[in-house]
>>> print(open('coords_16.cif').read())   # mmCIF, C-alpha atoms
data_query
loop_
_atom_site.group_PDB
_atom_site.id
_atom_site.type_symbol
_atom_site.label_atom_id
_atom_site.label_comp_id
_atom_site.auth_asym_id
_atom_site.auth_seq_id
_atom_site.Cartn_x
_atom_site.Cartn_y
_atom_site.Cartn_z
ATOM 1 C CA MET A 1 -20.883 20.983 -22.784
ATOM 2 C CA ILE A 2 -21.107 17.909 -20.535
ATOM 3 C CA THR A 3 -24.623 16.514 -20.198
ATOM 4 C CA ALA A 4 -26.103 15.280 -16.917
ATOM 5 C CA PRO A 5 -25.734 11.578 -17.895
ATOM 6 C CA GLU A 6 -22.118 12.161 -18.922
ATOM 7 C CA SER A 7 -21.450 13.948 -15.640
ATOM 8 C CA ALA A 8 -22.919 11.001 -13.704
ATOM 9 C CA ILE A 9 -20.706 8.555 -15.621
ATOM 10 C CA LEU A 10 -17.559 10.620 -14.986
ATOM 11 C CA LEU A 11 -18.421 10.933 -11.303
ATOM 12 C CA SER A 12 -18.907 7.187 -11.094
ATOM 13 C CA LEU A 13 -15.535 6.678 -12.787
ATOM 14 C CA GLN A 14 -13.907 8.803 -10.085
ATOM 15 C CA GLN A 15 -15.363 6.448 -7.488
ATOM 16 C CA VAL A 16 -13.964 3.474 -9.410
ATOM 17 C CA GLY A 17 -10.521 4.941 -8.765
ATOM 18 C CA VAL A 18 -11.205 4.427 -5.063
ATOM 19 C CA SER A 19 -12.943 1.062 -5.315
ATOM 20 C CA ALA A 20 -12.625 -1.305 -8.289
ATOM 21 C CA GLY A 21 -15.970 -2.785 -7.247
ATOM 22 C CA GLY A 22 -17.708 0.224 -8.795
ATOM 23 C CA TRP A 23 -17.359 -0.868 -12.424
ATOM 24 C CA PRO A 24 -20.890 -2.355 -12.696
ATOM 25 C CA GLU A 25 -22.384 1.022 -11.716
ATOM 26 C CA VAL A 26 -20.334 2.773 -14.435
ATOM 27 C CA LEU A 27 -21.552 0.246 -16.990
ATOM 28 C CA ARG A 28 -25.155 0.569 -15.795
ATOM 29 C CA LEU A 29 -25.051 4.339 -16.312
ATOM 30 C CA LEU A 30 -23.422 3.917 -19.714
ATOM 31 C CA ALA A 31 -25.968 1.303 -20.799
ATOM 32 C CA SER A 32 -28.788 3.663 -19.868
ATOM 33 C CA TYR A 33 -27.144 6.569 -21.722
ATOM 34 C CA VAL A 34 -26.613 4.718 -25.033
ATOM 35 C CA GLN A 35 -29.802 2.635 -24.623
ATOM 36 C CA ALA A 36 -27.904 -0.672 -24.612
ATOM 37 C CA ASP A 37 -29.267 -3.903 -23.201
ATOM 38 C CA GLN A 38 -25.807 -4.906 -22.022
ATOM 39 C CA VAL A 39 -22.434 -3.176 -21.661
ATOM 40 C CA GLN A 40 -19.388 -5.299 -20.906
ATOM 41 C CA LEU A 41 -15.888 -4.307 -19.840
ATOM 42 C CA PHE A 42 -13.156 -6.890 -20.414
ATOM 43 C CA THR A 43 -9.667 -6.485 -18.934
ATOM 44 C CA PRO A 44 -6.652 -8.839 -18.954
ATOM 45 C CA SER A 45 -7.620 -10.284 -15.568
ATOM 46 C CA ARG A 46 -11.404 -9.948 -15.212
ATOM 47 C CA GLY A 47 -14.626 -8.611 -16.681
ATOM 48 C CA TRP A 48 -17.893 -6.948 -15.686
ATOM 49 C CA ASP A 49 -21.254 -5.978 -17.064
ATOM 50 C CA GLN A 50 -23.838 -3.733 -15.433
ATOM 51 C CA THR A 51 -25.015 -6.548 -13.154
ATOM 52 C CA GLY A 52 -21.647 -7.601 -11.746
ATOM 53 C CA PRO A 53 -18.547 -9.717 -12.544
ATOM 54 C CA LEU A 54 -18.480 -11.788 -15.720
ATOM 55 C CA ALA A 55 -17.607 -15.465 -15.793
ATOM 56 C CA VAL A 56 -16.788 -15.456 -19.528
ATOM 57 C CA PRO A 57 -13.375 -14.468 -20.928
ATOM 58 C CA MET A 58 -12.663 -11.675 -23.375
ATOM 59 C CA PRO A 59 -14.027 -12.691 -26.822
ATOM 60 C CA ALA A 60 -11.266 -14.071 -29.057
ATOM 61 C CA ILE A 61 -12.545 -12.071 -32.057
ATOM 62 C CA LEU A 62 -11.199 -8.889 -30.430
ATOM 63 C CA THR A 63 -7.593 -10.068 -30.610
ATOM 64 C CA GLY A 64 -5.551 -8.028 -33.070
ATOM 65 C CA LEU A 65 -8.099 -5.235 -33.589
ATOM 66 C CA ARG A 66 -6.973 -1.622 -33.385
ATOM 67 C CA LEU A 67 -7.433 0.077 -30.054
ATOM 68 C CA ARG A 68 -9.424 3.278 -29.450
ATOM 69 C CA ARG A 69 -11.432 2.717 -32.642
ATOM 70 C CA VAL A 70 -15.129 1.896 -32.517
ATOM 71 C CA TYR A 71 -16.077 -1.314 -34.340
ATOM 72 C CA THR A 72 -19.642 -1.691 -35.497
ATOM 73 C CA GLY A 73 -21.786 -4.794 -35.216
ATOM 74 C CA GLU A 74 -21.412 -5.430 -38.927
ATOM 75 C CA GLU A 75 -17.615 -5.375 -38.697
ATOM 76 C CA LEU A 76 -17.645 -7.689 -35.703
ATOM 77 C CA MET A 77 -20.088 -10.098 -37.337
ATOM 78 C CA ASP A 78 -17.739 -10.376 -40.303
ATOM 79 C CA ARG A 79 -15.125 -11.791 -37.914
ATOM 80 C CA ALA A 80 -17.556 -14.001 -35.992
ATOM 81 C CA PRO A 81 -21.058 -14.469 -37.446
ATOM 82 C CA ALA A 82 -22.313 -16.077 -34.239
ATOM 83 C CA LEU A 83 -20.948 -13.355 -31.988
ATOM 84 C CA GLY A 84 -22.268 -13.984 -28.505
ATOM 85 C CA GLY A 85 -25.012 -16.256 -29.856
ATOM 86 C CA VAL A 86 -27.464 -13.334 -30.019
ATOM 87 C CA ALA A 87 -30.245 -12.742 -32.486
ATOM 88 C CA GLU A 88 -29.483 -11.420 -35.956
ATOM 89 C CA ALA A 89 -31.466 -8.273 -35.162
ATOM 90 C CA ALA A 90 -28.956 -7.376 -32.427
ATOM 91 C CA ASP A 91 -26.297 -4.700 -32.879
ATOM 92 C CA HIS A 92 -22.870 -4.357 -31.222
ATOM 93 C CA ARG A 93 -20.292 -1.651 -30.638
ATOM 94 C CA ALA A 94 -16.766 -2.382 -29.347
ATOM 95 C CA ILE A 95 -13.752 -0.208 -28.602
ATOM 96 C CA GLY A 96 -10.322 -1.229 -27.334
ATOM 97 C CA LEU A 97 -8.610 0.319 -24.306
ATOM 98 C CA ARG A 98 -4.932 0.714 -23.410
ATOM 99 C CA LEU A 99 -4.815 -0.366 -19.788
ATOM 100 C CA SER A 100 -1.851 -0.271 -17.438
ATOM 101 C CA ASP A 101 -1.650 -4.082 -17.414
ATOM 102 C CA GLY A 102 -2.571 -4.809 -21.028
ATOM 103 C CA VAL A 103 -5.504 -4.465 -23.427
ATOM 104 C CA GLY A 104 -9.143 -4.062 -22.464
ATOM 105 C CA TRP A 105 -12.361 -3.895 -24.452
ATOM 106 C CA LEU A 106 -15.664 -2.132 -23.913
ATOM 107 C CA MET A 107 -18.598 -3.776 -25.696
ATOM 108 C CA ALA A 108 -22.207 -2.625 -25.949
ATOM 109 C CA LEU A 109 -25.134 -4.774 -27.141
ATOM 110 C CA ARG A 110 -28.618 -3.897 -28.352
ATOM 111 C CA GLN A 111 -31.015 -6.807 -28.761
ATOM 112 C CA ARG A 112 -33.244 -4.813 -31.114
ATOM 113 C CA GLY A 113 -32.485 -1.853 -33.353
ATOM 114 C CA MET A 114 -29.227 -0.145 -34.267
ATOM 115 C CA PHE A 115 -26.871 2.057 -32.285
ATOM 116 C CA ARG A 116 -26.713 5.703 -33.338
ATOM 117 C CA ALA A 117 -23.600 7.473 -34.612
ATOM 118 C CA VAL A 118 -23.657 9.565 -31.436
ATOM 119 C CA ASP A 119 -23.392 6.372 -29.374
ATOM 120 C CA SER A 120 -20.076 5.576 -31.044
ATOM 121 C CA ALA A 121 -18.922 9.136 -30.349
ATOM 122 C CA ILE A 122 -19.865 8.727 -26.668
ATOM 123 C CA LEU A 123 -17.814 5.518 -26.401
ATOM 124 C CA THR A 124 -14.827 7.184 -28.079
ATOM 125 C CA ALA A 125 -14.978 10.207 -25.761
ATOM 126 C CA LEU A 126 -15.223 7.942 -22.719
ATOM 127 C CA VAL A 127 -12.115 5.877 -23.479
ATOM 128 C CA PRO A 128 -9.478 8.230 -21.925
ATOM 129 C CA HIS A 129 -11.546 8.450 -18.740
ATOM 130 C CA LEU A 130 -11.943 4.669 -18.559
ATOM 131 C CA GLU A 131 -8.206 4.165 -19.044
ATOM 132 C CA GLN A 132 -7.356 6.732 -16.384
ATOM 133 C CA ALA A 133 -9.850 5.266 -13.910
ATOM 134 C CA TRP A 134 -8.397 1.795 -14.440
ATOM 135 C CA GLN A 135 -4.865 3.108 -13.900
ATOM 136 C CA ILE A 136 -5.869 4.872 -10.670
ATOM 137 C CA ALA A 137 -7.777 1.833 -9.395
ATOM 138 C CA ALA A 138 -4.818 -0.434 -10.167
ATOM 139 C CA HIS A 139 -2.422 1.943 -8.397
ATOM 140 C CA ILE A 140 -4.660 2.154 -5.323
ATOM 141 C CA ALA A 141 -5.040 -1.628 -5.287
ATOM 142 C CA ASP A 142 -1.245 -1.963 -5.409
ATOM 143 C CA LEU A 143 -0.825 0.503 -2.536
ATOM 144 C CA SER A 144 -3.503 -1.329 -0.570
ATOM 145 C CA ASP A 145 -1.728 -4.622 -1.170
ATOM 146 C CA GLN A 146 1.581 -3.143 -0.035
ATOM 147 C CA ALA A 147 -0.069 -1.716 3.083
ATOM 148 C CA ALA A 148 -1.651 -5.080 3.866
ATOM 149 C CA ARG A 149 1.706 -6.845 3.528
ATOM 150 C CA SER A 150 3.383 -4.236 5.736
ATOM 151 C CA ASP A 151 0.633 -4.564 8.322
ATOM 152 C CA ALA A 152 0.976 -8.350 8.283
ATOM 153 C CA VAL A 153 4.722 -8.073 8.889
ATOM 154 C CA ALA A 154 4.213 -5.497 11.658
ATOM 155 C CA ARG A 155 1.645 -7.721 13.369
ATOM 156 C CA ARG A 156 3.849 -10.769 13.061
ATOM 157 C CA ILE A 157 6.766 -8.989 14.728
ATOM 158 C CA GLY A 158 4.626 -6.925 17.121
ATOM 159 C CA VAL A 159 5.775 -3.403 16.201
ATOM 160 C CA GLY A 160 3.699 -0.219 15.874
ATOM 161 C CA TYR A 161 4.326 3.511 15.462
ATOM 162 C CA VAL A 162 3.045 6.259 17.769
ATOM 163 C CA GLU A 163 3.324 10.017 18.142
ATOM 164 C CA PHE A 164 2.858 11.981 21.356
ATOM 165 C CA ASP A 165 0.263 14.759 21.332
ATOM 166 C CA ALA A 166 0.467 18.170 23.027
ATOM 167 C CA ARG A 167 -0.588 16.605 26.349
ATOM 168 C CA GLY A 168 2.232 14.067 26.150
ATOM 169 C CA LEU A 169 -0.088 11.145 25.441
ATOM 170 C CA PRO A 170 0.734 8.502 22.803
ATOM 171 C CA VAL A 171 -1.462 8.424 19.696
ATOM 172 C CA ALA A 172 -1.448 5.310 17.500
ATOM 173 C CA ARG A 173 -0.486 5.854 13.865
ATOM 174 C CA ASP A 174 -1.236 2.328 12.692
ATOM 175 C CA GLY A 175 -3.422 -0.637 13.596
ATOM 176 C CA VAL A 176 -0.662 -2.542 15.376
ATOM 177 C CA ALA A 177 0.122 0.409 17.654
ATOM 178 C CA ARG A 178 -3.589 0.806 18.390
ATOM 179 C CA ASP A 179 -3.805 -2.839 19.481
ATOM 180 C CA LEU A 180 -0.625 -2.608 21.558
ATOM 181 C CA LEU A 181 -1.777 0.585 23.302
ATOM 182 C CA ALA A 182 -4.995 -1.180 24.276
ATOM 183 C CA ARG A 183 -2.911 -3.758 26.164
ATOM 184 C CA MET A 184 -1.273 -1.164 28.396
ATOM 185 C CA HIS A 185 -2.062 -1.211 32.103
ATOM 186 C CA GLN A 186 -0.905 2.397 32.404
ATOM 187 C CA VAL A 187 -0.281 5.316 30.077
ATOM 188 C CA PRO A 188 3.461 5.772 29.407
ATOM 189 C CA VAL A 189 4.987 8.998 30.723
ATOM 190 C CA LEU A 190 7.936 10.608 29.004
ATOM 191 C CA PRO A 191 10.890 11.507 31.244
ATOM 192 C CA ARG A 192 10.610 15.110 32.384
ATOM 193 C CA LYS A 193 14.097 15.914 31.098
ATOM 194 C CA MET A 194 14.135 13.653 28.076
ATOM 195 C CA GLY A 195 17.073 13.985 25.717
ATOM 196 C CA GLN A 196 16.983 12.862 22.104
ATOM 197 C CA THR A 197 16.108 9.275 22.965
ATOM 198 C CA ALA A 198 14.352 7.417 25.790
ATOM 199 C CA LEU A 199 13.578 3.738 26.195
ATOM 200 C CA LEU A 200 10.437 3.006 28.244
ATOM 201 C CA SER A 201 9.351 -0.324 29.683
ATOM 202 C CA ILE A 202 5.563 -0.480 29.863
ATOM 203 C CA PRO A 203 3.714 -3.153 31.856
ATOM 204 C CA PRO A 204 2.874 -5.850 31.149
ATOM 205 C CA ASP A 205 5.097 -6.647 28.158
ATOM 206 C CA LEU A 206 5.751 -3.597 25.998
ATOM 207 C CA ASP A 207 8.790 -1.447 25.238
ATOM 208 C CA MET A 208 8.782 1.938 23.533
ATOM 209 C CA LEU A 209 11.753 3.643 21.928
ATOM 210 C CA CYS A 210 10.982 7.396 21.967
ATOM 211 C CA GLN A 211 12.860 9.893 19.812
ATOM 212 C CA ARG A 212 12.603 13.667 19.716
ATOM 213 C CA ARG A 213 12.228 15.125 16.251
ATOM 214 C CA PRO A 214 13.959 18.343 15.139
ATOM 215 C CA ASP A 215 10.649 20.220 15.516
ATOM 216 C CA GLY A 216 10.409 19.126 19.163
ATOM 217 C CA ARG A 217 7.669 16.542 18.742
ATOM 218 C CA VAL A 218 8.225 13.045 20.079
ATOM 219 C CA GLU A 219 7.573 9.855 18.146
ATOM 220 C CA GLY A 220 7.935 6.290 19.280
ATOM 221 C CA VAL A 221 8.343 2.733 18.095
ATOM 222 C CA LEU A 222 6.171 0.493 20.270
ATOM 223 C CA ARG A 223 7.131 -3.155 20.490
ATOM 224 C CA ALA A 224 5.968 -6.267 22.284
ATOM 225 C CA SER A 225 8.992 -7.079 24.432
ATOM 226 C CA ALA A 226 8.442 -10.794 23.891
ATOM 227 C CA HIS A 227 10.282 -10.149 20.616
ATOM 228 C CA ALA A 228 13.815 -10.094 22.008
ATOM 229 C CA LEU A 229 16.720 -8.335 20.344
ATOM 230 C CA PRO A 230 19.083 -10.601 18.400
ATOM 231 C CA THR A 231 21.937 -12.314 20.175
ATOM 232 C CA ALA A 232 25.365 -10.697 20.170
ATOM 233 C CA GLU A 233 26.511 -13.359 17.712
ATOM 234 C CA ALA A 234 23.679 -12.496 15.283
ATOM 235 C CA LEU A 235 24.417 -8.769 15.578
ATOM 236 C CA ALA A 236 28.126 -9.387 15.023
ATOM 237 C CA GLU A 237 27.425 -11.273 11.801
ATOM 238 C CA ALA A 238 24.873 -8.745 10.509
ATOM 239 C CA LEU A 239 26.943 -5.636 11.290
ATOM 240 C CA HIS A 240 30.417 -7.143 10.669
ATOM 241 C CA LEU A 241 31.527 -6.591 14.271
ATOM 242 C CA THR A 242 33.459 -8.644 16.745
ATOM 243 C CA VAL A 243 31.310 -10.461 19.301
ATOM 244 C CA SER A 244 32.670 -8.195 22.040
ATOM 245 C CA GLU A 245 31.652 -5.113 20.077
ATOM 246 C CA ALA A 246 28.239 -6.655 19.379
ATOM 247 C CA ARG A 247 27.655 -7.300 23.092
ATOM 248 C CA LEU A 248 28.193 -3.605 23.713
ATOM 249 C CA VAL A 249 25.851 -2.733 20.821
ATOM 250 C CA ARG A 250 23.137 -4.933 22.307
ATOM 251 C CA ALA A 251 23.461 -3.256 25.705
ATOM 252 C CA LEU A 252 23.403 0.252 24.214
ATOM 253 C CA ALA A 253 20.396 -0.658 22.054
ATOM 254 C CA GLN A 254 18.519 -1.572 25.224
ATOM 255 C CA GLY A 255 19.038 1.948 26.550
ATOM 256 C CA ALA A 256 22.026 1.446 28.854
ATOM 257 C CA SER A 257 24.535 4.272 29.144
ATOM 258 C CA LEU A 258 28.088 3.563 28.081
ATOM 259 C CA SER A 259 29.272 3.375 31.701
ATOM 260 C CA ASP A 260 26.377 1.094 32.733
ATOM 261 C CA ALA A 261 26.984 -1.142 29.704
ATOM 262 C CA ALA A 262 30.699 -1.362 30.534
ATOM 263 C CA GLN A 263 29.931 -2.345 34.120
ATOM 264 C CA ALA A 264 27.360 -4.957 33.072
ATOM 265 C CA LEU A 265 29.767 -6.501 30.563
ATOM 266 C CA GLY A 266 32.782 -6.412 32.901
ATOM 267 C CA LEU A 267 34.643 -3.875 30.765
ATOM 268 C CA THR A 268 36.630 -0.819 31.744
ATOM 269 C CA LEU A 269 35.129 2.457 30.575
ATOM 270 C CA GLU A 270 38.157 3.009 28.319
ATOM 271 C CA THR A 271 37.623 -0.382 26.648
ATOM 272 C CA ALA A 272 33.930 0.343 26.193
ATOM 273 C CA ARG A 273 34.774 3.697 24.597
ATOM 274 C CA TYR A 274 37.229 1.970 22.246
ATOM 275 C CA TYR A 275 34.627 -0.624 21.263
ATOM 276 C CA SER A 276 32.003 2.062 20.680
ATOM 277 C CA LYS A 277 34.345 4.022 18.391
ATOM 278 C CA GLN A 278 35.006 0.832 16.444
ATOM 279 C CA VAL A 279 31.270 0.170 16.167
ATOM 280 C CA TYR A 280 30.469 3.658 14.863
ATOM 281 C CA ALA A 281 33.376 3.548 12.415
ATOM 282 C CA LYS A 282 32.337 0.143 11.023
ATOM 283 C CA THR A 283 28.601 0.855 10.813
ATOM 284 C CA GLY A 284 28.612 4.541 9.888
ATOM 285 C CA LEU A 285 26.208 5.235 12.761
ATOM 286 C CA ARG A 286 26.473 8.455 14.737
ATOM 287 C CA GLY A 287 25.964 8.047 18.429
ATOM 288 C CA GLN A 288 23.683 5.967 20.616
ATOM 289 C CA PRO A 289 20.347 7.409 19.364
ATOM 290 C CA ASP A 290 21.285 6.488 15.797
ATOM 291 C CA LEU A 291 22.397 3.036 16.936
ATOM 292 C CA MET A 292 19.151 2.452 18.853
ATOM 293 C CA ARG A 293 17.098 3.549 15.853
ATOM 294 C CA ARG A 294 19.003 1.180 13.562
ATOM 295 C CA ILE A 295 18.642 -1.824 15.862
ATOM 296 C CA TRP A 296 15.025 -1.205 16.796
ATOM 297 C CA THR A 297 13.490 -0.168 13.512
ATOM 298 C CA SER A 298 15.393 -2.261 10.962
ATOM 299 C CA ALA A 299 15.121 -5.955 10.181
ATOM 300 C CA LEU A 300 17.952 -6.540 12.671
ATOM 301 C CA ALA A 301 15.457 -6.387 15.536
ATOM 302 C CA PHE A 302 13.508 -9.290 14.107
ATOM 303 C CA GLY A 303 16.269 -11.700 13.226
ATOM 304 C CA ARG A 304 17.554 -14.579 15.257
ATOM 305 C CA ALA A 305 17.083 -14.334 19.009
#
>>> encode(input="coords_16.cif", output="structure tokens")
Amino acid sequence: MITAPESAILLSLQQVGVSAGGWPEVLRLLASYVQADQVQLFTPSRGWDQTGPLAVPMPAILTGLRLRRVYTGEELMDRAPALGGVAEAADHRAIGLRLSDGVGWLMALRQRGMFRAVDSAILTALVPHLEQAWQIAAHIADLSDQAARSDAVARRIGVGYVEFDARGLPVARDGVARDLLARMHQVPVLPRKMGQTALLSIPPDLDMLCQRRPDGRVEGVLRASAHALPTAEALAEALHLTVSEARLVRALAQGASLSDAAQALGLTLETARYYSKQVYAKTGLRGQPDLMRRIWTSALAFGRA
């Protein structure tokens, strides 16, 4: 049966999985439970006690010891008589952890008196939970780091993602889209008879590529139009097209119909159709919506202008 102190420690460990800054609270609860004056957690990259981060590295005497086995103060003193520089009346307990990024150690110190056998049992029982909490915290930190890098890239290139609600209004799905929507002078309106794709120009300087999903909902890629599409020469090199084919790709990616693109480029409709077939064959894309999605939402849109 789990006691109230054990339950509090496990609950605190769950919170550590969300925020690595919660380790001192876990150690404070553990110190209170085993009546320790200090409990330290050392990991390959950092350490804490119940008051906060530690400035000292993991003790060298722990190197080479077996993991998941409790070492008593007497055993530790045999390896380092002046362990921690504490009084001879002090007692220690230490147990090694298998962490996702290496080895960690949990150490408890009593300035006066000896730890009980049950205290060692508590430390042993806690090890799997500590290891799991560290793994979860590390995974969340990695995801957070990835999200931060993605957000930095999105902000640098001025691109956000939106979905349209039941009223036809755009709803931001990330911080960049939220900031871009706030710049709008008017709310974008989807074409009444929208097909699979629509390209909207939104004053003062935004574009939105809207696409209808199979379930009927509409999503959009919102972009600051100051970020121009690549030149035809850059598209030709990236997609292995001729420059003439790439000019047509650039026009189609900006939402022009095939006939409008042909007219703007001084091509006959038959020539434009031939170029488009060549483009789809070389790129593996299927139709203008697929082409627009590729140009707008891949790294191609943020290459050389």
>>> closest_residue(input="coords_16.cif", among="A:Pro53, A:Gly47, A:Gly64, A:Gly195", to="Met107 of chain A", atoms="all atoms listed in the file")
A:Gly47
>>> resolve_selection(input="coords_16.cif", expression="the PyMOL selection byres ((chain A and resi 61) around 8)", output="list of chain:residue names")
A:Pro59, A:Ala60, A:Leu62, A:Thr63, A:Leu76, A:Arg79, A:Ala80
>>> atom_distance(input="coords_16.cif", atom1="atom CA of Gln38 of chain A", atom2="atom CA of Gln111 of chain A")
8.7 Å
>>> resolve_selection(input="coords_16.cif", expression="the PyMOL selection byres ((chain A and resi 123-125) around 9)", output="number ranges by chain")
A: 30, 34, 68-70, 93-95, 106, 118-122, 126-129
>>> residues_around(input="coords_16.cif", residues="segment 180-193 of chain A", least_positions_apart="4", cutoff="9 Å", atoms="all atoms listed in the file", output="PDB file with C-alpha atoms, in the frame of the given file")
ATOM      1  CA  GLY A 158       4.626  -6.925  17.121  1.00  0.00           C
ATOM      2  CA  VAL A 159       5.775  -3.403  16.201  1.00  0.00           C
ATOM      3  CA  GLY A 160       3.699  -0.219  15.874  1.00  0.00           C
ATOM      4  CA  GLY A 168       2.232  14.067  26.150  1.00  0.00           C
ATOM      5  CA  LEU A 169      -0.088  11.145  25.441  1.00  0.00           C
ATOM      6  CA  PRO A 170       0.734   8.502  22.803  1.00  0.00           C
ATOM      7  CA  VAL A 171      -1.462   8.424  19.696  1.00  0.00           C
ATOM      8  CA  ALA A 172      -1.448   5.310  17.500  1.00  0.00           C
ATOM      9  CA  GLY A 175      -3.422  -0.637  13.596  1.00  0.00           C
ATOM     10  CA  VAL A 176      -0.662  -2.542  15.376  1.00  0.00           C
ATOM     11  CA  ALA A 198      14.352   7.417  25.790  1.00  0.00           C
ATOM     12  CA  LEU A 200      10.437   3.006  28.244  1.00  0.00           C
ATOM     13  CA  SER A 201       9.351  -0.324  29.683  1.00  0.00           C
ATOM     14  CA  ILE A 202       5.563  -0.480  29.863  1.00  0.00           C
ATOM     15  CA  PRO A 203       3.714  -3.153  31.856  1.00  0.00           C
ATOM     16  CA  PRO A 204       2.874  -5.850  31.149  1.00  0.00           C
ATOM     17  CA  ASP A 205       5.097  -6.647  28.158  1.00  0.00           C
ATOM     18  CA  LEU A 206       5.751  -3.597  25.998  1.00  0.00           C
ATOM     19  CA  MET A 208       8.782   1.938  23.533  1.00  0.00           C
ATOM     20  CA  CYS A 210      10.982   7.396  21.967  1.00  0.00           C
ATOM     21  CA  LEU A 222       6.171   0.493  20.270  1.00  0.00           C
ATOM     22  CA  ARG A 223       7.131  -3.155  20.490  1.00  0.00           C
ATOM     23  CA  ALA A 224       5.968  -6.267  22.284  1.00  0.00           C
TER      24      ALA A 224
END
>>> atom_distance(input="coords_16.cif", atom1="atom CA of Gln135 of chain A", atom2="atom CA of Arg149 of chain A")
21.1 Å
>>> atom_distance(input="coords_16.cif", atom1="atom CA of Asp37 of chain A", atom2="atom CA of Arg110 of chain A")
5.2 Å
>>> resolve_selection(input="coords_16.cif", expression="the PyMOL selection byres ((chain A and resi 262) around 12)", output="list of chain:residue names")
A:Ser244, A:Glu245, A:Arg247, A:Leu248, A:Val249, A:Arg250, A:Ala251, A:Leu252, A:Ala256, A:Ser257, A:Leu258, A:Ser259, A:Asp260, A:Ala261, A:Gln263, A:Ala264, A:Leu265, A:Gly266, A:Leu267, A:Thr268, A:Leu269, A:Glu270, A:Thr271, A:Ala272, A:Arg273, A:Tyr274, A:Tyr275, A:Ser276
>>> write_last_selection(input="coords_16.cif", atoms="C-alpha atoms", output="CSV table (one decimal), in the coordinates of the input")
chain,number,residue,atom,x,y,z
A,244,SER,CA,32.7,-8.2,22.0
A,245,GLU,CA,31.7,-5.1,20.1
A,247,ARG,CA,27.7,-7.3,23.1
A,248,LEU,CA,28.2,-3.6,23.7
A,249,VAL,CA,25.9,-2.7,20.8
A,250,ARG,CA,23.1,-4.9,22.3
A,251,ALA,CA,23.5,-3.3,25.7
A,252,LEU,CA,23.4,0.3,24.2
A,256,ALA,CA,22.0,1.4,28.9
A,257,SER,CA,24.5,4.3,29.1
A,258,LEU,CA,28.1,3.6,28.1
A,259,SER,CA,29.3,3.4,31.7
A,260,ASP,CA,26.4,1.1,32.7
A,261,ALA,CA,27.0,-1.1,29.7
A,263,GLN,CA,29.9,-2.3,34.1
A,264,ALA,CA,27.4,-5.0,33.1
A,265,LEU,CA,29.8,-6.5,30.6
A,266,GLY,CA,32.8,-6.4,32.9
A,267,LEU,CA,34.6,-3.9,30.8
A,268,THR,CA,36.6,-0.8,31.7
A,269,LEU,CA,35.1,2.5,30.6
A,270,GLU,CA,38.2,3.0,28.3
A,271,THR,CA,37.6,-0.4,26.6
A,272,ALA,CA,33.9,0.3,26.2
A,273,ARG,CA,34.8,3.7,24.6
A,274,TYR,CA,37.2,2.0,22.2
A,275,TYR,CA,34.6,-0.6,21.3
A,276,SER,CA,32.0,2.1,20.7
>>> residues_near_point(input="coords_16.cif", point="(-9.1, 8.7, -12.4)", cutoff="7 Å", atoms="all atoms listed in the file", output="PyMOL selection string")
chain A and resi 13-14+17+129+132-133+136
